[in-house]
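Have a look at my_file23.txt below; it lists compact mmCIF, C-alpha atoms and all ligand atoms.
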# COMPACT_ATOMS: atom_id res chain seq x y z
CA MET A 4 -110.05 -134.88 274.28
CA ILE A 5 -111.66 -131.46 273.88
CA GLN A 6 -113.93 -130.70 276.79
CA PRO A 7 -117.26 -129.12 275.84
CA ILE A 8 -117.48 -125.54 277.18
CA ASN A 9 -119.39 -125.34 280.40
CA TYR A 10 -121.64 -122.31 280.16
CA SER A 11 -122.82 -122.33 283.76
CA THR A 12 -120.45 -119.45 284.56
CA LEU A 13 -119.17 -116.59 282.42
CA PRO A 14 -116.85 -117.97 279.70
CA VAL A 15 -113.28 -117.04 280.57
CA ASP A 16 -112.55 -115.00 277.45
CA LEU A 17 -115.42 -112.57 278.17
CA HIS A 18 -114.43 -109.56 280.23
CA PRO A 19 -116.89 -109.17 283.11
CA GLU A 20 -116.22 -105.42 283.33
CA ALA A 21 -117.08 -104.95 279.64
CA LEU A 22 -120.39 -106.84 279.61
CA PRO A 23 -123.51 -104.93 278.67
CA SER A 24 -125.53 -104.04 281.75
CA HIS A 25 -128.78 -104.20 279.79
CA VAL A 26 -129.53 -106.53 276.87
CA ALA A 27 -132.64 -106.22 274.70
CA VAL A 28 -133.89 -109.12 272.60
CA ILE A 29 -136.34 -109.44 269.72
CA MET A 30 -137.23 -113.11 270.04
CA ASP A 31 -138.12 -113.91 266.44
CA GLY A 32 -138.52 -117.07 264.38
CA ASN A 33 -140.66 -119.32 266.59
CA GLY A 34 -143.15 -119.94 263.80
CA ARG A 35 -140.49 -120.81 261.23
CA TRP A 36 -138.74 -123.11 263.69
CA ALA A 37 -141.97 -125.08 264.11
CA THR A 38 -142.90 -125.05 260.42
CA GLN A 39 -139.45 -126.42 259.50
CA ARG A 40 -140.21 -129.39 261.72
CA GLY A 41 -143.71 -129.96 260.40
CA LEU A 42 -145.19 -128.71 263.68
CA PRO A 43 -147.91 -126.11 264.24
CA ARG A 44 -146.54 -122.58 264.79
CA VAL A 45 -147.61 -122.60 268.42
CA ALA A 46 -145.13 -125.41 269.13
CA GLY A 47 -142.44 -122.87 268.29
CA HIS A 48 -143.82 -120.46 270.86
CA ARG A 49 -143.79 -123.19 273.49
CA GLN A 50 -140.17 -124.00 272.67
CA GLY A 51 -139.28 -120.31 272.57
CA ALA A 52 -140.55 -119.95 276.12
CA GLN A 53 -137.91 -122.47 277.26
CA THR A 54 -135.25 -120.44 275.48
CA VAL A 55 -136.16 -117.21 277.26
CA LYS A 56 -136.25 -118.96 280.61
CA ASP A 57 -132.69 -120.13 280.13
CA LEU A 58 -131.49 -116.79 278.77
CA LEU A 59 -132.79 -115.06 281.90
CA ARG A 60 -130.98 -117.57 284.08
CA CYS A 61 -127.87 -117.14 281.97
CA CYS A 62 -127.96 -113.35 282.49
CA LYS A 63 -128.20 -113.97 286.21
CA ASP A 64 -125.34 -116.50 286.14
CA TRP A 65 -123.07 -114.29 284.02
CA GLY A 66 -123.73 -111.01 285.82
CA ILE A 67 -125.86 -109.17 283.27
CA GLU A 68 -128.17 -106.98 285.26
CA ALA A 69 -131.13 -106.34 282.98
CA LEU A 70 -132.84 -108.24 280.17
CA THR A 71 -135.70 -106.76 278.12
CA VAL A 72 -137.48 -109.14 275.75
CA TYR A 73 -140.09 -108.44 273.09
CA ALA A 74 -142.85 -110.99 273.65
CA PHE A 75 -145.87 -109.46 271.88
CA SER A 76 -146.04 -106.29 269.82
CA THR A 77 -148.98 -103.96 269.27
CA GLU A 78 -148.90 -105.25 265.68
CA ASN A 79 -149.11 -108.93 266.69
CA TRP A 80 -152.90 -108.59 267.16
CA ARG A 81 -153.01 -108.91 263.36
CA ARG A 82 -152.26 -112.63 263.66
CA PRO A 83 -154.98 -115.28 263.54
CA MET A 84 -157.06 -115.19 266.72
CA ALA A 85 -156.10 -118.78 267.59
CA GLU A 86 -152.40 -117.89 267.68
CA VAL A 87 -153.01 -114.72 269.72
CA THR A 88 -155.15 -116.66 272.19
CA PHE A 89 -152.49 -119.35 272.46
CA LEU A 90 -149.80 -116.76 273.19
CA LEU A 91 -151.84 -115.04 275.89
CA ARG A 92 -152.58 -118.39 277.54
CA LEU A 93 -148.91 -119.31 277.32
CA PHE A 94 -147.94 -116.08 279.12
CA GLU A 95 -150.43 -116.90 281.85
CA ARG A 96 -149.30 -120.50 282.23
CA LEU A 97 -145.63 -119.53 282.31
CA LEU A 98 -146.17 -116.82 284.84
CA ARG A 99 -148.12 -119.15 287.12
CA ARG A 100 -145.47 -121.82 286.79
CA GLU A 101 -142.34 -119.66 287.05
CA LEU A 102 -143.26 -116.90 289.49
CA ALA A 103 -142.16 -118.70 292.66
CA ASP A 104 -138.81 -119.65 291.10
CA MET A 105 -138.22 -116.13 289.83
CA GLN A 106 -138.97 -114.77 293.26
CA ARG A 107 -136.55 -117.22 294.85
CA GLU A 108 -133.84 -116.37 292.35
CA GLY A 109 -134.10 -112.63 292.93
CA VAL A 110 -135.66 -111.73 289.58
CA ARG A 111 -137.54 -108.46 289.41
CA ILE A 112 -140.13 -108.71 286.66
CA ARG A 113 -141.84 -105.83 284.87
CA PHE A 114 -144.24 -105.86 281.97
CA LEU A 115 -143.82 -103.03 279.49
CA GLY A 116 -146.74 -102.10 277.27
CA ASP A 117 -150.42 -101.32 277.43
CA LEU A 118 -151.76 -104.20 279.48
CA SER A 119 -155.37 -102.97 279.44
CA PRO A 120 -156.59 -104.98 276.39
CA LEU A 121 -155.27 -108.26 277.88
CA PRO A 122 -157.62 -110.72 279.59
CA GLU A 123 -158.34 -109.54 283.14
CA ARG A 124 -156.99 -112.70 284.74
CA LEU A 125 -153.68 -112.25 282.95
CA GLN A 126 -153.52 -108.56 283.89
CA ALA A 127 -154.12 -109.43 287.54
CA LEU A 128 -151.40 -112.06 287.46
CA MET A 129 -148.96 -109.62 285.84
CA GLN A 130 -149.70 -106.98 288.47
CA GLU A 131 -149.24 -109.55 291.20
CA ALA A 132 -145.90 -110.68 289.73
CA MET A 133 -144.64 -107.08 289.46
CA ALA A 134 -145.71 -106.26 293.02
CA MET A 135 -144.32 -109.48 294.47
CA THR A 136 -140.88 -109.14 292.88
CA CYS A 137 -140.48 -105.35 293.01
CA SER A 138 -137.73 -105.31 295.61
CA ASN A 139 -135.65 -108.12 294.08
CA GLN A 140 -132.24 -107.01 292.87
CA ARG A 141 -130.41 -109.90 291.29
CA VAL A 142 -131.65 -109.38 287.74
CA GLN A 143 -134.24 -107.09 286.16
CA PHE A 144 -136.48 -108.88 283.64
CA ASN A 145 -138.65 -106.71 281.42
CA VAL A 146 -141.21 -108.37 279.20
CA ALA A 147 -142.67 -106.19 276.46
CA VAL A 148 -146.28 -107.28 275.98
CA ASN A 149 -148.65 -105.31 273.77
CA TYR A 150 -145.70 -102.99 273.43
CA GLY A 151 -145.22 -100.53 270.56
CA GLY A 152 -142.39 -98.03 270.49
CA ARG A 153 -144.33 -95.32 268.71
CA GLN A 154 -147.23 -95.74 271.12
CA GLU A 155 -144.76 -95.45 274.00
CA LEU A 156 -143.49 -92.15 272.57
CA VAL A 157 -147.02 -90.84 272.05
CA ALA A 158 -147.92 -91.73 275.65
CA ALA A 159 -144.71 -90.09 276.89
CA THR A 160 -145.47 -86.94 274.88
CA ARG A 161 -148.97 -86.76 276.35
CA HIS A 162 -147.59 -87.23 279.83
CA ILE A 163 -145.16 -84.37 279.39
CA ALA A 164 -147.82 -82.15 277.76
CA GLN A 165 -150.00 -82.76 280.81
CA GLN A 166 -147.15 -81.85 283.19
CA VAL A 167 -146.62 -78.62 281.27
CA ALA A 168 -150.36 -77.86 281.06
CA CYS A 169 -150.81 -78.19 284.82
CA GLY A 170 -147.69 -76.14 285.52
CA ALA A 171 -145.68 -78.96 287.13
CA ILE A 172 -142.82 -78.27 284.70
CA SER A 173 -142.09 -75.54 282.17
CA ILE A 174 -141.43 -76.04 278.46
CA ASN A 175 -137.77 -75.33 279.11
CA ASP A 176 -137.61 -78.37 281.40
CA VAL A 177 -138.53 -80.67 278.50
CA ASP A 178 -135.26 -82.29 277.56
CA GLU A 179 -133.94 -85.79 276.86
CA ALA A 180 -133.81 -86.65 280.55
CA ALA A 181 -137.41 -85.51 281.09
CA LEU A 182 -138.59 -87.67 278.20
CA ALA A 183 -136.56 -90.68 279.35
CA ARG A 184 -138.18 -90.36 282.79
CA VAL A 185 -141.65 -91.00 281.36
CA LEU A 186 -140.67 -94.00 279.24
CA LEU A 187 -141.56 -97.53 280.30
CA THR A 188 -137.93 -98.59 280.77
CA TYR A 189 -137.18 -95.84 283.30
CA PRO A 190 -134.94 -95.90 285.38
CA LEU A 191 -132.90 -98.48 283.48
CA PRO A 192 -130.03 -97.33 281.28
CA ASP A 193 -130.51 -97.84 277.53
CA PRO A 194 -129.61 -101.34 276.32
CA GLU A 195 -126.00 -101.51 275.15
CA LEU A 196 -126.78 -104.59 273.04
CA LEU A 197 -129.83 -105.61 271.00
CA ILE A 198 -130.11 -109.15 269.68
CA ARG A 199 -132.59 -110.14 266.98
CA THR A 200 -132.85 -113.74 265.85
CA SER A 201 -134.21 -115.28 262.64
CA GLY A 202 -132.28 -113.20 260.11
CA GLU A 203 -134.65 -110.23 260.07
CA GLN A 204 -132.84 -106.92 260.32
CA ARG A 205 -135.43 -104.45 261.54
CA LEU A 206 -136.66 -103.14 264.86
CA SER A 207 -140.38 -103.84 264.35
CA ASN A 208 -141.36 -100.93 266.62
CA PHE A 209 -139.18 -102.06 269.55
CA LEU A 210 -137.66 -99.40 271.84
CA PRO A 211 -137.01 -96.75 269.15
CA TRP A 212 -135.83 -94.14 271.68
CA GLN A 213 -133.81 -96.46 273.89
CA LEU A 214 -131.99 -98.18 271.00
CA ALA A 215 -130.77 -94.95 269.40
CA TYR A 216 -127.11 -95.80 270.15
CA THR A 217 -127.31 -99.53 270.84
CA GLU A 218 -125.08 -102.13 269.17
CA LEU A 219 -127.34 -104.23 266.91
CA TYR A 220 -126.61 -107.95 266.60
CA PHE A 221 -128.48 -110.04 264.06
CA THR A 222 -128.25 -113.82 263.83
CA ASP A 223 -129.88 -116.29 261.46
CA LEU A 224 -130.61 -118.67 264.34
CA LEU A 225 -134.31 -119.03 265.05
CA TRP A 226 -135.36 -118.05 268.57
CA PRO A 227 -135.86 -121.61 269.93
CA GLU A 228 -132.28 -122.37 268.81
CA PHE A 229 -130.74 -119.42 270.66
CA ASP A 230 -128.87 -121.11 273.49
CA ARG A 231 -126.07 -120.09 275.85
CA ALA A 232 -123.46 -120.78 273.18
CA ALA A 233 -125.27 -118.37 270.84
CA PHE A 234 -125.49 -115.74 273.58
CA TYR A 235 -121.79 -116.19 274.24
CA GLN A 236 -121.10 -115.49 270.54
CA ALA A 237 -123.26 -112.37 270.64
CA LEU A 238 -121.36 -111.12 273.70
CA GLN A 239 -118.00 -111.89 272.07
CA TRP A 240 -119.11 -109.84 269.07
CA TYR A 241 -120.27 -107.05 271.39
CA GLN A 242 -116.94 -106.98 273.20
CA GLY A 243 -115.21 -106.51 269.86
CA ARG A 244 -117.17 -103.32 269.08
CA GLN A 245 -115.81 -99.85 269.67
CA ARG A 246 -118.55 -97.62 271.04
CA ARG A 247 -117.64 -94.09 270.09
CA PHE A 248 -120.95 -92.20 270.37
CA GLY A 249 -119.89 -89.80 267.68
CA GLY A 250 -116.45 -89.16 269.16
CA LEU A 251 -113.14 -90.64 268.12
CA ALA A 252 -112.15 -92.60 271.21
CA PRO A 253 -113.95 -95.62 272.65
CA ALA A 254 -116.42 -94.59 275.36
CA PRO A 255 -115.89 -95.61 279.01
CA LEU A 256 -117.37 -98.94 280.11
CA PRO A 257 -120.97 -99.03 281.33
CA GLN A 258 -121.56 -98.31 285.00
CA SER A 259 -123.21 -100.94 287.11
CA LEU A 260 -126.97 -100.30 287.58
C1 LIG A 301 -141.66 -114.49 267.44
O1 LIG A 301 -141.76 -115.54 266.55
C2 LIG A 301 -142.69 -114.57 268.55
C3 LIG A 301 -143.75 -113.57 268.49
C4 LIG A 301 -143.84 -112.60 267.62
C5 LIG A 301 -144.79 -113.68 269.48
P1 LIG A 301 -142.72 -115.43 265.30
O2 LIG A 301 -144.06 -115.97 265.70
O3 LIG A 301 -142.73 -114.07 264.75
O4 LIG A 301 -142.04 -116.44 264.30
P2 LIG A 301 -141.87 -116.25 262.73
O5 LIG A 301 -141.17 -114.93 262.53
O6 LIG A 301 -143.24 -116.25 262.14
O7 LIG A 301 -141.05 -117.41 262.30
C1 LIG A 302 -141.43 -108.79 266.40
O1 LIG A 302 -141.54 -109.93 265.64
C2 LIG A 302 -142.29 -108.91 267.63
C3 LIG A 302 -141.85 -109.91 268.60
C4 LIG A 302 -140.79 -110.65 268.55
C5 LIG A 302 -142.72 -110.03 269.74
P1 LIG A 302 -142.56 -110.03 264.43
O2 LIG A 302 -142.35 -111.36 263.82
O3 LIG A 302 -143.93 -109.70 264.89
O4 LIG A 302 -142.06 -108.85 263.49
P2 LIG A 302 -142.21 -108.64 261.91
O5 LIG A 302 -143.65 -108.82 261.59
O6 LIG A 302 -141.35 -109.65 261.25
O7 LIG A 302 -141.71 -107.25 261.71
MG MG A 303 -141.63 -113.12 263.34

Written as structure tokens, how would this file's structure read?
Amino acid sequence: MIQPINYSTLPVDLHPEALPSHVAVIMDGNGRWATQRGLPRVAGHRQGAQTVKDLLRCCKDWGIEALTVYAFSTENWRRPMAEVTFLLRLFERLLRRELADMQREGVRIRFLGDLSPLPERLQALMQEAMAMTCSNQRVQFNVAVNYGGRQELVAATRHIAQQVACGAISINDVDEAALARVLLTYPLPDPELLIRTSGEQRLSNFLPWQLAYTELYFTDLLWPEFDRAAFYQALQWYQGRQRRFGGLAPAPLPQSL
């Protein structure tokens, strides 16, 4: 009898030394998942929250050091108010419910994006979660909320312009490293792998700088369907890629964070 694969540890055919150290995910397709089942769209968001919880745990179990997920874009405010309100409440509920477990499991959580338009109670909770988990080292979990890549680059440009204007750095110091230092993902390395579910093949304003040389993996699965077996497939695909960065030979493997 064929035994079902047990995904609690890294599947044996994946090479631990060739795993991405940082995975980025555009969690898309919650609404369609719910609509296909005759459910309201928000039921898809609720289910999607379970998926991300398990993916984070999976990263921890398999030795992937950083996970950055796109939870709410600067463009998502265009959705009906009821859906936006539901999402913000869901973030709050999840954070309340999961914070103690994340702390116990060594998760360091960071929210990337402009948090200032969010309800004050949610902002306070997010700040508390970031402060409480800031010295954890097992896995870094970044949640992009009210995040927009172009806005991030505008803010970074302003930051650098200010540094130049006040004489802290000179124009000649403005290079790729200086810009990377004022991005929200600093000091993490760029993601080696991006996963987008639901069949869409675009970035939707997610990490435009950081994804410049990332391997892009698209799957037709809807986000609530993206389980450990699907992640395993994405990693198998990733391990089959040759990352050349413009050269002719495969690049060395990623360093540990
Ligand atoms: C992704 O699922 C979750 C968020 C954008 C918050 P969607 O809500 O975009 O689901 P679809 O794309 O409409 O199916
Ligand atoms: C991208 O998904 C944003 C998130 C997953 C949070 P969208 O569903 O908002 O993107 P578009 O509208 O298809 O580009
Ligand atoms: Mg979508």

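Counting from CA of Ile29 in chain A, the distance to CA of Leu98 in chain A is 19.5 Å.
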
Nearest residue to Glu101 in chain A out of A:Arg141, A:His25, A:Arg124, A:Arg60, using all atoms listed in the file?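 For Glu101 in chain A, the nearest of the given residues is A:Arg60.
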
Contact residues around Val28 in chain A with only C-alpha atoms at 10 Å, ignoring same-chain residues under 6 positions, as a PyMOL selection string: chain A and resi 55+70-74+146+194+196-200+209+219-220+226

Counting all atoms listed in the file, the option among A:Asp104, A:Glu95, A:Glu131, A:Asp31 closest to ligand LIG 301 (chain A):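 Smallest distance to ligand LIG 301 (chain A) is found for A:Asp31.
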
Per-residue nearest contacts of chain A to ligand LIG 301 (chain A) (6 Å; all atoms listed in the file) as a tab-separated table:
residue	atom	partner	partner_atom	distance
A:Met30	CA	A:LIG301	C1	5.3
A:Asp31	CA	A:LIG301	C1	3.7
A:Gly32	CA	A:LIG301	O7	3.3
A:Asn33	CA	A:LIG301	O4	3.9
A:Gly34	CA	A:LIG301	O7	3.6
A:Arg35	CA	A:LIG301	O7	3.6
A:Ala74	CA	A:LIG301	C5	5.3
A:Phe75	CA	A:LIG301	C5	5.0

Have a look at A:Leu156, A:Leu93, A:Ile8, A:Leu182 and name the one nearest to Gly47 in chain A; count all atoms listed in the file.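 Smallest separation from Gly47 in chain A among the options: A:Leu93.
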
Axis-aligned box for ligand LIG 302 (chain A), 6 Å per side, centre and edges in Å as JSON:
{"center_x": -142.4, "center_y": -109.3, "center_z": 265.5, "size_x": 15.1, "size_y": 16.1, "size_z": 20.5}

Could you check the closest approach to Trp240 in chain A for each of A:Ala168, A:Lys63, A:Pro255, A:Thr222 and tell me which residue wins, using only C-alpha atoms?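 Residue with the minimum atom-to-atom distance to Trp240 in chain A: A:Thr222.
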